[in-house]
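Just below is one structure, and these are the notes that go with it.
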There are 2 protein chains.
Amino acid sequence: MVAVDQLSRAFVALADPTRRDIVARLSVRDATVGELAESYAMSMQAVSKHLKVLEEAGLVSRSRDGQRRPCHLEPQVFDLMTSWIERYRRQAEERFGRLDALLAEMADDGARTEPTGSTDGNHEEDRPQQSEGAPS
Amino acid sequence: MVAVDQLSRAFVALADPTRRDIVARLSVRDATVGELAESYAMSMQAVSKHLKVLEEAGLVSRSRDGQRRPCHLEPQVFDLMTSWIERYRRQAEERFGRLDALLAEMADDGARTEPTGSTDGNHEEDRPQQSEGAPS
DNA sequence: GTTGTTCTCAACCAATCGGTTGAGGAAGAG
DNA sequence: CTCTTCCTCAACCGATTGGTTGAGAACAAC
């Protein structure tokens, strides 16, 4: 995790089962580090590290309450992930001709993209180091 | 990645910018290992490893065409991820949105319904090793 | 056959990850 | 003040990750 973008941090954060479980618990109610640590067979320091990862990913915030550090779920980052996923899922399904599933979805948000033809080709992102130009 | 569940594999796979970019390219069109490798400043072996990760996550499948191994995006796994995310995003927002409505309700009919617990409280999953029971 | 292309496997390496233990800071309680 | 509670920081450790190079398998083409 060396100065990576937020999307990478978010996916990295949710890649660990313990961290996903922490998110699940925090979605029910806020909790302190100690409370969370009781649930897992690991030290409080380890849980604290996991929370740090979640916090740096923007998924969790922490306030002060005496010597306690209550953890709070911040679900905005979820939108970042789902929008990334949905973008490419939609493009892929569009390409495979699964228009039935697509049309049902377009009834919701009315995104009028060309059926199969356009294949826009502008998938920008924090591209990793490239050697040459775009692919064709 | 030592025999982890599919959800972990999927998040791990998308945690790398190069792999996300591969997914982006494959959403436009299928591609061979060599074609993909031209786009990045790394060896074909490295790209092949990335594709292996994506394949084991179920995000990419590969067929044979002579000595080529065309890669194909399999977007079903995306649903697994979005449904996980949406579940907890919804629960969190529900919890935040209900706070005001809850307080108004508690002024009316007292403490008959449990504030946060009634909605579900069963966030099962392939729980990591726990020490004790559920969180209160 | 030989040659060339495409791709994978194996070994290696530095860096990171997920855990540990020990020490210590910060704040409430006696 | 001391003591305890809650939590973080630092150092360490083994396993994994993301890259490399070299060898070679599989297939097409000559």
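In the structure tokens, the first chain shown is A, the next is B, and so on; residue numbers restart at 1 for each chain, and ligands run from 1 in the order shown.
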
Mind listing as JSON, numbers by chain which residues of chain B are within 10 Å of chain D, counting only C-alpha atoms (C1' of nucleotides)?
{"B": [1, 2, 16, 42, 43, 45, 46, 49, 50, 65, 66, 67, 68]}

May I have the residues from that selection written out with C-alpha atoms, as a compact mmCIF listing (two decimals), in the first residue's frame?
# COMPACT_ATOMS: atom_id res chain seq x y z
CA MET B 1 -4.42 -16.57 -1.18
CA VAL B 2 -4.47 -19.90 0.62
CA ASP B 16 -4.47 -4.23 -8.04
CA MET B 42 6.16 -5.51 -17.51
CA SER B 43 6.92 -8.94 -18.85
CA GLN B 45 4.94 -13.63 -17.49
CA ALA B 46 3.84 -10.98 -15.03
CA LYS B 49 0.23 -14.15 -13.37
CA HIS B 50 -2.27 -11.33 -13.09
CA ASP B 65 -7.33 -20.87 -30.26
CA GLY B 66 -4.22 -22.48 -31.60
CA GLN B 67 -1.42 -21.47 -29.30
CA ARG B 68 -3.32 -18.40 -28.20

Can you work out which residues from chain C touch chain B at a cut-off of 8 Å (counting only C-alpha atoms (C1' of nucleotides)) and hand them back as a ChimeraX atom specification?
/C:6-8

Considering only C-alpha atoms, state which residue in the set B:Ala15, B:Val60, B:Ala37, B:Met81 is at the smallest distance from chain A.
B:Ala15

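With only C-alpha atoms as the atoms that count, the residue of A:Pro70, A:Ala57, A:Val4, A:Arg89 with the shortest distance to chain B is A:Arg89.
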
Name the residues of segment 24-65 of chain B that come out as strand (DSSP E or B) in a backbone DSSP run; write them as a ChimeraX atom specification.
/B:31,60-62,65

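Atom pair atom C1' of DG28 of chain C / atom CA of Leu73 of chain A: separated by 26.5 Å.
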
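Interatomic distance, atom CA of Gly58 of chain B to atom CA of Trp84 of chain A: 17.6 Å.
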
Which polymer residues have any atom within 10 Å of an atom of Arg29 of chain B, counting only C-alpha atoms (C1' of nucleotides), with same-chain residues fewer than 5 positions away left out, as a PDB file with C-alpha atoms, in the first residue's frame?
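File result.pdb, as written:
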ATOM      1  CA  GLN A  91     -20.223  -2.803 -20.654  1.00  0.00           C
ATOM      2  CA  ALA A  92     -19.433  -6.501 -20.643  1.00  0.00           C
ATOM      3  CA  ARG A  95     -21.221  -6.635 -25.384  1.00  0.00           C
ATOM      4  CA  THR A 119     -17.704   0.179 -27.176  1.00  0.00           C
ATOM      5  CA  GLY A 121     -12.875   2.629 -25.562  1.00  0.00           C
TER       6      GLY A 121
ATOM      7  CA  VAL B  23     -10.699  -5.954 -16.575  1.00  0.00           C
ATOM      8  CA  ALA B  24     -11.435  -2.600 -18.175  1.00  0.00           C
ATOM      9  CA  CYS B  71      -9.196 -14.027 -22.233  1.00  0.00           C
ATOM     10  CA  HIS B  72     -12.861 -13.381 -21.683  1.00  0.00           C
ATOM     11  CA  LEU B  73     -14.480 -11.341 -18.932  1.00  0.00           C
TER      12      LEU B  73
END
